[in-house]
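S.K.: Pasting in a structure now, in structure tokens, and then I'll have a few things to ask.
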Amino acid sequence: MVAIELRDVSKAYYSDRMKKSARLVLDGVNLSVKKGEFVALVGPSGCGKTTILNLMAGFEPPTKGEVVADGSMVVGPGPDRGVVFQEYSLMPWMDVIGNVKLALESKGVPEKDRHAIATEALGKVGMLGFCHSRPNILSGGMKQRVAIARLLAMDSSVFLMDEPFSALDEQTRRKLDRDLVKIWETTGKTIVMVTHSIEEALMVSGRIVMFSDSPGKILGEWAVPDDLPRDLSSERFVAMREEIAGRLPACLCERKGFVKWTAEK
């Protein structure tokens with residue numbers, strides 16, 4: 001069953017009011033994500049990956065084509081499609097549990113139920129001991145855990161994640177990647193995540209979709225085998241990483257910073 005899909009979607013941004021001059025960001029993209037699937041979107045900067053998340057979230061409409069979630073046309077944001085941004089998005093004047101309760105309030109959850117739901121969600125991401133802490137004393141990883149807890153509390157069926165761990169150190173990032181996989185496996189949520197790292201995509205997802213340089217088109221897709229060792233030293237892992245990276249033209253790798261993907265061990 002399909003959770004969310006793009007049907008022949010193109011997106012252009014106009015630079016003048018008369019719409020005579022436009023920059024095409026996405027060009028005829030067809031992408032279908034099944035319920036319970038974890039899909040990673042990879043590609044060079046500026047290829048439209050974040051734009052795809054914005055379209056799926058309903059933050060902006062496509063210039064051409066349709067975005068459909070659970071069988072209905074996406075016409076705006078909704079609690080069924082939660083977003084974790086690259087930038088930390090907590091309210092600084094609220095404590096951790098207050099931030100989660102605020103999301104529940106916006107969904108219309110009765111006040112008497114908010115505390116129990118928020119507490120349960122924070123427990124799932126290991127943040128129960130920081131309920132009354134303000135965001136300014138939290139690490140970057142902790143802030144993103146709270147952002148994920150908000151989505152769990154709201155019971156969003158689709159998680160849209162825009163490079164959520166890119167600003168973190170490698171050790172913390174890998175720990176959160178493993179935790180995210182556990183959440184996916186235990187909750188059955190549908191996850192679409194943007195990442196610039198093929199390694200991270202292989203570590204967390206069940207399918208990888210690669211986009212071309214702008215305007216973004218799908219260059220290729222790879223199903224990640226269930227039995228693939230999520231281990232950087234595994235020969236199978238390295239071979240699949242090299243296969244995916246090899247689909248990019250050499251000139252594009254050099255210009256857009258993909259060389260490091262194939263160089264990492």
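Starting from 1 in every chain, residues are counted up; chains themselves are A, B, ... following the order of the structure tokens, and ligands are numbered from 1 as listed.
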For A:Glu200, work out the shell of residues within 12 Å, counting only C-alpha atoms and skipping chain neighbours fewer than 6 positions away, then give it as a list of chain:residue names.

M.R.: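 Residues near the query, excluding close chain neighbours: A:Val39, A:Ala40, A:Leu41, A:Val42, A:Glu163, A:Pro164, A:Phe165, A:Ser166, A:Glu170, A:Arg173, A:Arg174, A:Lys175, A:Leu176, A:Asp177, A:Arg178, A:Leu180, A:Val181, A:Met193, A:Val194, A:Gly206, A:Arg207, A:Ile208, A:Arg230, A:Asp231, A:Leu232, A:Phe237, A:Arg241, A:Trp261, A:Glu264.
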
S.K.: Please produce a file of those selected residues containing N, CA and C atoms, as a CSV table (one decimal), in the first residue's frame.

M.R.:
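See part37.csv below for the written result:
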```csv
chain,number,residue,atom,x,y,z
A,39,VAL,N,12.9,5.2,3.0
A,39,VAL,CA,13.6,5.6,1.8
A,39,VAL,C,14.5,6.7,2.0
A,40,ALA,N,15.8,6.6,1.5
A,40,ALA,CA,16.8,7.6,1.6
A,40,ALA,C,16.9,8.3,0.3
A,41,LEU,N,16.9,9.6,0.3
A,41,LEU,CA,17.1,10.4,-0.9
A,41,LEU,C,18.5,11.0,-0.9
A,42,VAL,N,19.3,10.6,-1.9
A,42,VAL,CA,20.7,11.1,-2.0
A,42,VAL,C,20.9,11.9,-3.4
A,163,GLU,N,18.2,15.7,6.4
A,163,GLU,CA,19.5,15.7,7.0
A,163,GLU,C,19.5,15.9,8.5
A,164,PRO,N,18.7,15.2,9.3
A,164,PRO,CA,18.5,15.5,10.7
A,164,PRO,C,19.8,15.4,11.5
A,165,PHE,N,20.8,14.7,11.1
A,165,PHE,CA,22.0,14.5,12.0
A,165,PHE,C,23.2,15.0,11.3
A,166,SER,N,23.1,15.8,10.3
A,166,SER,CA,24.3,16.3,9.5
A,166,SER,C,25.2,17.2,10.3
A,170,GLU,N,30.5,12.4,14.2
A,170,GLU,CA,30.3,11.1,13.5
A,170,GLU,C,29.8,10.1,14.5
A,173,ARG,N,26.2,10.8,15.4
A,173,ARG,CA,25.4,10.6,14.2
A,173,ARG,C,25.1,9.1,14.0
A,174,ARG,N,26.2,8.3,14.2
A,174,ARG,CA,25.9,6.8,14.0
A,174,ARG,C,25.1,6.2,15.0
A,175,LYS,N,25.2,6.7,16.3
A,175,LYS,CA,24.3,6.3,17.4
A,175,LYS,C,22.9,6.6,17.1
A,176,LEU,N,22.6,7.8,16.6
A,176,LEU,CA,21.3,8.2,16.3
A,176,LEU,C,20.7,7.5,15.1
A,177,ASP,N,21.6,7.2,14.1
A,177,ASP,CA,21.2,6.4,13.0
A,177,ASP,C,20.7,5.0,13.4
A,178,ARG,N,21.4,4.4,14.4
A,178,ARG,CA,21.0,3.1,14.9
A,178,ARG,C,19.7,3.2,15.6
A,180,LEU,N,17.3,5.4,15.2
A,180,LEU,CA,16.3,5.7,14.2
A,180,LEU,C,15.8,4.4,13.6
A,181,VAL,N,16.7,3.5,13.2
A,181,VAL,CA,16.4,2.2,12.7
A,181,VAL,C,15.5,1.4,13.6
A,193,MET,N,14.0,10.2,4.2
A,193,MET,CA,15.1,10.9,4.8
A,193,MET,C,16.1,11.4,3.7
A,194,VAL,N,16.4,12.7,3.7
A,194,VAL,CA,17.4,13.3,2.8
A,194,VAL,C,18.8,13.1,3.5
A,206,GLY,N,15.9,1.2,3.6
A,206,GLY,CA,15.6,-0.1,2.9
A,206,GLY,C,15.6,0.1,1.4
A,207,ARG,N,15.6,1.4,1.0
A,207,ARG,CA,15.7,1.8,-0.4
A,207,ARG,C,16.4,3.1,-0.6
A,208,ILE,N,17.3,3.2,-1.6
A,208,ILE,CA,18.0,4.5,-1.8
A,208,ILE,C,17.6,5.0,-3.2
A,230,ARG,N,25.4,-3.9,8.2
A,230,ARG,CA,25.4,-2.4,8.4
A,230,ARG,C,26.8,-2.1,9.1
A,231,ASP,N,27.8,-2.4,8.3
A,231,ASP,CA,29.2,-2.4,8.9
A,231,ASP,C,30.1,-1.8,7.8
A,232,LEU,N,30.8,-0.7,8.2
A,232,LEU,CA,31.7,0.0,7.2
A,232,LEU,C,32.8,-0.9,6.7
A,237,PHE,N,29.1,-4.3,2.1
A,237,PHE,CA,28.7,-2.9,2.3
A,237,PHE,C,29.5,-2.0,1.4
A,241,ARG,N,28.2,0.4,-1.6
A,241,ARG,CA,28.5,1.9,-1.6
A,241,ARG,C,29.2,2.3,-2.9
A,261,TRP,N,32.6,10.4,-0.5
A,261,TRP,CA,31.8,9.2,-0.3
A,261,TRP,C,32.6,7.9,-0.7
A,264,GLU,N,35.8,7.3,1.7
A,264,GLU,CA,35.6,6.9,3.1
A,264,GLU,C,35.8,5.4,3.3
```

S.K.: Mind checking DSSP for stretch 66-160 of chain A and telling me the strand (DSSP E) residues as a ChimeraX atom specification?

M.R.: /A:66-69,72-73,81-84,158-160

S.K.: Can you spit out the residues from that selection as a PDB file, in the first residue's frame, using N, CA, C and O atoms?

M.R.:
```pdb
ATOM      1  N   GLU A  66       1.247  15.974  -9.248  1.00  0.00           N
ATOM      2  CA  GLU A  66       0.475  15.794  -8.026  1.00  0.00           C
ATOM      3  C   GLU A  66       1.312  15.146  -6.933  1.00  0.00           C
ATOM      4  O   GLU A  66       2.183  14.325  -7.213  1.00  0.00           O
ATOM      5  N   VAL A  67       1.018  15.531  -5.691  1.00  0.00           N
ATOM      6  CA  VAL A  67       1.584  14.870  -4.520  1.00  0.00           C
ATOM      7  C   VAL A  67       0.408  14.260  -3.761  1.00  0.00           C
ATOM      8  O   VAL A  67      -0.556  14.961  -3.419  1.00  0.00           O
ATOM      9  N   VAL A  68       0.469  12.958  -3.524  1.00  0.00           N
ATOM     10  CA  VAL A  68      -0.644  12.234  -2.905  1.00  0.00           C
ATOM     11  C   VAL A  68      -0.157  11.517  -1.645  1.00  0.00           C
ATOM     12  O   VAL A  68       0.878  10.847  -1.669  1.00  0.00           O
ATOM     13  N   ALA A  69      -0.888  11.685  -0.544  1.00  0.00           N
ATOM     14  CA  ALA A  69      -0.571  11.004   0.712  1.00  0.00           C
ATOM     15  C   ALA A  69      -1.767  10.195   1.160  1.00  0.00           C
ATOM     16  O   ALA A  69      -2.869  10.749   1.310  1.00  0.00           O
ATOM     17  N   SER A  72      -4.981  10.694  -0.802  1.00  0.00           N
ATOM     18  CA  SER A  72      -5.573  12.035  -0.930  1.00  0.00           C
ATOM     19  C   SER A  72      -4.534  13.042  -1.402  1.00  0.00           C
ATOM     20  O   SER A  72      -3.354  12.945  -1.034  1.00  0.00           O
ATOM     21  N   MET A  73      -4.986  13.994  -2.190  1.00  0.00           N
ATOM     22  CA  MET A  73      -4.100  15.032  -2.687  1.00  0.00           C
ATOM     23  C   MET A  73      -3.562  15.874  -1.530  1.00  0.00           C
ATOM     24  O   MET A  73      -4.306  16.267  -0.630  1.00  0.00           O
ATOM     25  N   ARG A  81       1.935  13.898   8.443  1.00  0.00           N
ATOM     26  CA  ARG A  81       3.268  14.015   7.839  1.00  0.00           C
ATOM     27  C   ARG A  81       4.133  14.930   8.697  1.00  0.00           C
ATOM     28  O   ARG A  81       4.083  16.139   8.579  1.00  0.00           O
ATOM     29  N   GLY A  82       4.897  14.324   9.606  1.00  0.00           N
ATOM     30  CA  GLY A  82       5.738  15.100  10.504  1.00  0.00           C
ATOM     31  C   GLY A  82       7.119  15.346   9.900  1.00  0.00           C
ATOM     32  O   GLY A  82       7.622  14.530   9.137  1.00  0.00           O
ATOM     33  N   VAL A  83       7.715  16.467  10.265  1.00  0.00           N
ATOM     34  CA  VAL A  83       9.005  16.861   9.683  1.00  0.00           C
ATOM     35  C   VAL A  83      10.049  17.061  10.775  1.00  0.00           C
ATOM     36  O   VAL A  83       9.775  17.696  11.796  1.00  0.00           O
ATOM     37  N   VAL A  84      11.237  16.514  10.551  1.00  0.00           N
ATOM     38  CA  VAL A  84      12.400  16.824  11.384  1.00  0.00           C
ATOM     39  C   VAL A  84      13.357  17.611  10.495  1.00  0.00           C
ATOM     40  O   VAL A  84      13.862  17.086   9.500  1.00  0.00           O
ATOM     41  N   VAL A 158       3.906   9.351   8.619  1.00  0.00           N
ATOM     42  CA  VAL A 158       5.058   9.559   7.737  1.00  0.00           C
ATOM     43  C   VAL A 158       6.029  10.522   8.406  1.00  0.00           C
ATOM     44  O   VAL A 158       5.640  11.614   8.829  1.00  0.00           O
ATOM     45  N   PHE A 159       7.302  10.112   8.511  1.00  0.00           N
ATOM     46  CA  PHE A 159       8.355  10.968   9.030  1.00  0.00           C
ATOM     47  C   PHE A 159       9.157  11.499   7.836  1.00  0.00           C
ATOM     48  O   PHE A 159       9.698  10.713   7.058  1.00  0.00           O
ATOM     49  N   LEU A 160       9.236  12.809   7.692  1.00  0.00           N
ATOM     50  CA  LEU A 160      10.028  13.448   6.651  1.00  0.00           C
ATOM     51  C   LEU A 160      11.232  14.096   7.324  1.00  0.00           C
ATOM     52  O   LEU A 160      11.073  15.009   8.146  1.00  0.00           O
TER      53      LEU A 160
END
```

S.K.: Could you list, as a list in words, every residue within 9 Å of stretch 110-126 of chain A, counting only C-alpha atoms and ignoring same-chain residues fewer than 4 positions away?

M.R.: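 What passes the distance filter is Val96, Ile97, Gly98, Val100, Lys101, Leu102, Leu104, Glu105, Phe130, Cys131, Met142, Arg145, Val146, Ile148, Ala149, Arg150, Leu151, Leu152, Ala153, Met154, Asp179, Leu180 and Ile183 of chain A.
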
S.K.: Would you output that residue set with C-alpha atoms, as a PDB file, in the first residue's frame?

M.R.:
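Final output, again.pdb:
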```
ATOM      1  CA  VAL A  96      11.561  19.525  26.623  1.00  0.00           C
ATOM      2  CA  ILE A  97       8.176  18.157  27.613  1.00  0.00           C
ATOM      3  CA  GLY A  98       6.588  21.533  26.897  1.00  0.00           C
ATOM      4  CA  VAL A 100       6.284  17.950  22.841  1.00  0.00           C
ATOM      5  CA  LYS A 101       3.026  19.036  24.473  1.00  0.00           C
ATOM      6  CA  LEU A 102       2.889  22.061  22.159  1.00  0.00           C
ATOM      7  CA  LEU A 104       0.011  17.764  20.752  1.00  0.00           C
ATOM      8  CA  GLU A 105      -1.908  20.976  21.414  1.00  0.00           C
ATOM      9  CA  PHE A 130      15.515  15.651  30.514  1.00  0.00           C
ATOM     10  CA  CYS A 131      11.797  16.473  30.537  1.00  0.00           C
ATOM     11  CA  MET A 142      19.440  15.545  22.221  1.00  0.00           C
ATOM     12  CA  ARG A 145      15.781  13.244  19.748  1.00  0.00           C
ATOM     13  CA  VAL A 146      13.151  15.623  21.077  1.00  0.00           C
ATOM     14  CA  ILE A 148      11.645  12.815  16.776  1.00  0.00           C
ATOM     15  CA  ALA A 149       9.697  12.439  20.033  1.00  0.00           C
ATOM     16  CA  ARG A 150       7.278  15.130  18.827  1.00  0.00           C
ATOM     17  CA  LEU A 151       6.529  13.086  15.715  1.00  0.00           C
ATOM     18  CA  LEU A 152       6.037   9.947  17.806  1.00  0.00           C
ATOM     19  CA  ALA A 153       3.728  11.792  20.191  1.00  0.00           C
ATOM     20  CA  MET A 154       1.669  13.159  17.299  1.00  0.00           C
ATOM     21  CA  ASP A 179      18.309   4.453  17.204  1.00  0.00           C
ATOM     22  CA  LEU A 180      16.275   5.681  14.240  1.00  0.00           C
ATOM     23  CA  ILE A 183      12.225   3.220  15.994  1.00  0.00           C
TER      24      ILE A 183
END
```

S.K.: Rank A:Gly65, A:Gly108, A:Pro44, A:Gly141 by their smallest atom-to-atom distance to A:Ala12, using only C-alpha atoms, and report the top residue only.

M.R.: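 Smallest separation from A:Ala12 among the options: A:Gly65.
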
S.K.: Pick the closest to A:Phe38 from A:Ala57, A:Ile191, A:Met161, A:Ala22: which is it, counting only C-alpha atoms?

M.R.: A:Ile191

S.K.: Pick from A:Tyr13, A:Thr190, A:Asp155, A:Trp184: nearest to A:Met1, with only C-alpha atoms counted?

M.R.: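 For A:Met1, the nearest of the given residues is A:Thr190.
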
S.K.: Find, counting only C-alpha atoms, the residue in A:Gly188, A:Gly58, A:Pro92, A:Gly46 that gets nearest to A:Gly76.

M.R.: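 Looking at the shortest contact to A:Gly76, the residue is A:Gly58.
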
S.K.: Work out how far atom CA of A:Gln86 is from atom CA of A:Gln171, in Å to one decimal.

M.R.: 17.6 Å

S.K.: Would you return as a PDB file with N, CA and C atoms, in the first residue's frame the members of stretch 137-214 of chain A that DSSP assigns to alpha helix (DSSP H) on this structure's backbone?

M.R.:
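Result went into selection-v3.pdb, see below:
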```pdb
ATOM      1  N   GLY A 140      23.232  18.862  20.406  1.00  0.00           N
ATOM      2  CA  GLY A 140      22.521  18.785  19.133  1.00  0.00           C
ATOM      3  C   GLY A 140      21.787  17.475  18.969  1.00  0.00           C
ATOM      4  N   GLY A 141      22.425  16.387  19.382  1.00  0.00           N
ATOM      5  CA  GLY A 141      21.781  15.085  19.276  1.00  0.00           C
ATOM      6  C   GLY A 141      20.540  14.984  20.132  1.00  0.00           C
ATOM      7  N   MET A 142      20.605  15.564  21.335  1.00  0.00           N
ATOM      8  CA  MET A 142      19.440  15.545  22.221  1.00  0.00           C
ATOM      9  C   MET A 142      18.282  16.330  21.620  1.00  0.00           C
ATOM     10  N   LYS A 143      18.582  17.467  21.013  1.00  0.00           N
ATOM     11  CA  LYS A 143      17.530  18.281  20.400  1.00  0.00           C
ATOM     12  C   LYS A 143      16.822  17.520  19.287  1.00  0.00           C
ATOM     13  N   GLN A 144      17.587  16.780  18.502  1.00  0.00           N
ATOM     14  CA  GLN A 144      16.954  16.027  17.430  1.00  0.00           C
ATOM     15  C   GLN A 144      16.162  14.834  17.968  1.00  0.00           C
ATOM     16  N   ARG A 145      16.578  14.293  19.109  1.00  0.00           N
ATOM     17  CA  ARG A 145      15.781  13.244  19.748  1.00  0.00           C
ATOM     18  C   ARG A 145      14.412  13.790  20.159  1.00  0.00           C
ATOM     19  N   VAL A 146      14.417  15.004  20.683  1.00  0.00           N
ATOM     20  CA  VAL A 146      13.151  15.623  21.077  1.00  0.00           C
ATOM     21  C   VAL A 146      12.280  15.871  19.847  1.00  0.00           C
ATOM     22  N   ALA A 147      12.905  16.290  18.747  1.00  0.00           N
ATOM     23  CA  ALA A 147      12.152  16.519  17.510  1.00  0.00           C
ATOM     24  C   ALA A 147      11.494  15.223  17.029  1.00  0.00           C
ATOM     25  N   ILE A 148      12.213  14.109  17.154  1.00  0.00           N
ATOM     26  CA  ILE A 148      11.645  12.815  16.776  1.00  0.00           C
ATOM     27  C   ILE A 148      10.530  12.423  17.749  1.00  0.00           C
ATOM     28  N   ALA A 149      10.732  12.738  19.033  1.00  0.00           N
ATOM     29  CA  ALA A 149       9.697  12.439  20.033  1.00  0.00           C
ATOM     30  C   ALA A 149       8.401  13.175  19.717  1.00  0.00           C
ATOM     31  N   ARG A 150       8.491  14.389  19.198  1.00  0.00           N
ATOM     32  CA  ARG A 150       7.278  15.130  18.827  1.00  0.00           C
ATOM     33  C   ARG A 150       6.485  14.381  17.765  1.00  0.00           C
ATOM     34  N   LEU A 151       7.201  13.836  16.777  1.00  0.00           N
ATOM     35  CA  LEU A 151       6.529  13.086  15.715  1.00  0.00           C
ATOM     36  C   LEU A 151       5.888  11.819  16.261  1.00  0.00           C
ATOM     37  N   LEU A 152       6.598  11.153  17.189  1.00  0.00           N
ATOM     38  CA  LEU A 152       6.037   9.947  17.806  1.00  0.00           C
ATOM     39  C   LEU A 152       4.800  10.283  18.631  1.00  0.00           C
ATOM     40  N   ALA A 153       4.864  11.385  19.362  1.00  0.00           N
ATOM     41  CA  ALA A 153       3.728  11.792  20.191  1.00  0.00           C
ATOM     42  C   ALA A 153       2.517  12.127  19.323  1.00  0.00           C
ATOM     43  N   MET A 154       2.755  12.791  18.202  1.00  0.00           N
ATOM     44  CA  MET A 154       1.669  13.159  17.299  1.00  0.00           C
ATOM     45  C   MET A 154       1.167  11.960  16.501  1.00  0.00           C
ATOM     46  N   GLU A 170      30.541  12.437  14.156  1.00  0.00           N
ATOM     47  CA  GLU A 170      30.338  11.133  13.535  1.00  0.00           C
ATOM     48  C   GLU A 170      29.837  10.087  14.524  1.00  0.00           C
ATOM     49  N   GLN A 171      30.400  10.072  15.729  1.00  0.00           N
ATOM     50  CA  GLN A 171      30.005   9.067  16.720  1.00  0.00           C
ATOM     51  C   GLN A 171      28.538   9.227  17.113  1.00  0.00           C
ATOM     52  N   THR A 172      28.132  10.470  17.381  1.00  0.00           N
ATOM     53  CA  THR A 172      26.744  10.728  17.755  1.00  0.00           C
ATOM     54  C   THR A 172      25.806  10.428  16.600  1.00  0.00           C
ATOM     55  N   ARG A 173      26.239  10.786  15.407  1.00  0.00           N
ATOM     56  CA  ARG A 173      25.408  10.560  14.219  1.00  0.00           C
ATOM     57  C   ARG A 173      25.123   9.075  14.018  1.00  0.00           C
ATOM     58  N   ARG A 174      26.151   8.263  14.152  1.00  0.00           N
ATOM     59  CA  ARG A 174      25.949   6.825  13.953  1.00  0.00           C
ATOM     60  C   ARG A 174      25.071   6.232  15.043  1.00  0.00           C
ATOM     61  N   LYS A 175      25.193   6.744  16.259  1.00  0.00           N
ATOM     62  CA  LYS A 175      24.346   6.271  17.359  1.00  0.00           C
ATOM     63  C   LYS A 175      22.879   6.615  17.068  1.00  0.00           C
ATOM     64  N   LEU A 176      22.626   7.844  16.608  1.00  0.00           N
ATOM     65  CA  LEU A 176      21.258   8.237  16.309  1.00  0.00           C
ATOM     66  C   LEU A 176      20.720   7.506  15.087  1.00  0.00           C
ATOM     67  N   ASP A 177      21.581   7.209  14.124  1.00  0.00           N
ATOM     68  CA  ASP A 177      21.158   6.399  12.976  1.00  0.00           C
ATOM     69  C   ASP A 177      20.655   5.041  13.448  1.00  0.00           C
ATOM     70  N   ARG A 178      21.402   4.404  14.360  1.00  0.00           N
ATOM     71  CA  ARG A 178      20.987   3.084  14.879  1.00  0.00           C
ATOM     72  C   ARG A 178      19.676   3.198  15.649  1.00  0.00           C
ATOM     73  N   ASP A 179      19.543   4.263  16.434  1.00  0.00           N
ATOM     74  CA  ASP A 179      18.309   4.453  17.204  1.00  0.00           C
ATOM     75  C   ASP A 179      17.119   4.686  16.274  1.00  0.00           C
ATOM     76  N   LEU A 180      17.349   5.418  15.188  1.00  0.00           N
ATOM     77  CA  LEU A 180      16.275   5.681  14.240  1.00  0.00           C
ATOM     78  C   LEU A 180      15.802   4.387  13.576  1.00  0.00           C
ATOM     79  N   VAL A 181      16.746   3.518  13.249  1.00  0.00           N
ATOM     80  CA  VAL A 181      16.385   2.229  12.653  1.00  0.00           C
ATOM     81  C   VAL A 181      15.525   1.418  13.622  1.00  0.00           C
ATOM     82  N   LYS A 182      15.887   1.455  14.913  1.00  0.00           N
ATOM     83  CA  LYS A 182      15.096   0.723  15.917  1.00  0.00           C
ATOM     84  C   LYS A 182      13.676   1.274  16.001  1.00  0.00           C
ATOM     85  N   ILE A 183      13.548   2.599  15.961  1.00  0.00           N
ATOM     86  CA  ILE A 183      12.225   3.220  15.994  1.00  0.00           C
ATOM     87  C   ILE A 183      11.419   2.800  14.775  1.00  0.00           C
ATOM     88  N   TRP A 184      12.063   2.792  13.606  1.00  0.00           N
ATOM     89  CA  TRP A 184      11.400   2.376  12.372  1.00  0.00           C
ATOM     90  C   TRP A 184      10.925   0.925  12.471  1.00  0.00           C
ATOM     91  N   GLU A 185      11.799   0.065  12.968  1.00  0.00           N
ATOM     92  CA  GLU A 185      11.470  -1.360  13.048  1.00  0.00           C
ATOM     93  C   GLU A 185      10.357  -1.641  14.055  1.00  0.00           C
ATOM     94  N   THR A 186      10.320  -0.885  15.151  1.00  0.00           N
ATOM     95  CA  THR A 186       9.337  -1.159  16.204  1.00  0.00           C
ATOM     96  C   THR A 186       7.999  -0.465  15.970  1.00  0.00           C
ATOM     97  N   THR A 187       8.003   0.652  15.234  1.00  0.00           N
ATOM     98  CA  THR A 187       6.765   1.406  15.042  1.00  0.00           C
ATOM     99  C   THR A 187       6.133   1.192  13.670  1.00  0.00           C
ATOM    100  N   ILE A 198      26.108   8.461   1.281  1.00  0.00           N
ATOM    101  CA  ILE A 198      25.678   7.140   0.834  1.00  0.00           C
ATOM    102  C   ILE A 198      25.843   6.136   1.966  1.00  0.00           C
ATOM    103  N   GLU A 199      26.883   6.285   2.769  1.00  0.00           N
ATOM    104  CA  GLU A 199      27.100   5.394   3.904  1.00  0.00           C
ATOM    105  C   GLU A 199      25.913   5.452   4.857  1.00  0.00           C
ATOM    106  N   GLU A 200      25.469   6.662   5.191  1.00  0.00           N
ATOM    107  CA  GLU A 200      24.338   6.791   6.107  1.00  0.00           C
ATOM    108  C   GLU A 200      23.086   6.186   5.489  1.00  0.00           C
ATOM    109  N   ALA A 201      22.884   6.418   4.198  1.00  0.00           N
ATOM    110  CA  ALA A 201      21.724   5.858   3.516  1.00  0.00           C
ATOM    111  C   ALA A 201      21.717   4.331   3.611  1.00  0.00           C
ATOM    112  N   LEU A 202      22.879   3.717   3.415  1.00  0.00           N
ATOM    113  CA  LEU A 202      22.991   2.262   3.512  1.00  0.00           C
ATOM    114  C   LEU A 202      22.799   1.777   4.944  1.00  0.00           C
ATOM    115  N   MET A 203      23.200   2.588   5.902  1.00  0.00           N
ATOM    116  CA  MET A 203      23.093   2.210   7.306  1.00  0.00           C
ATOM    117  C   MET A 203      21.641   2.151   7.778  1.00  0.00           C
ATOM    118  N   VAL A 204      20.797   3.028   7.245  1.00  0.00           N
ATOM    119  CA  VAL A 204      19.470   3.172   7.837  1.00  0.00           C
ATOM    120  C   VAL A 204      18.313   2.707   6.959  1.00  0.00           C
TER     121      VAL A 204
END
```

S.K.: Could you check how far atom CA of A:Val209 sits from atom CA of A:Arg23, in Å to one decimal?

M.R.: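 According to the coordinates, atom CA of A:Val209 and atom CA of A:Arg23 are separated by 22.7 Å.
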
S.K.: Find the distance between atom CA of A:Val29 and atom CA of A:Val9 and write it in Å to one decimal.

M.R.: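 Pair atom CA of A:Val29 / atom CA of A:Val9 returns 4.9 Å.
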
S.K.: Could you list, as an MDAnalysis selection string, every residue within 8 Å of A:Asn99, counting only C-alpha atoms and ignoring same-chain residues fewer than 5 positions away?

M.R.: chainID A and resid 90:91 94 150
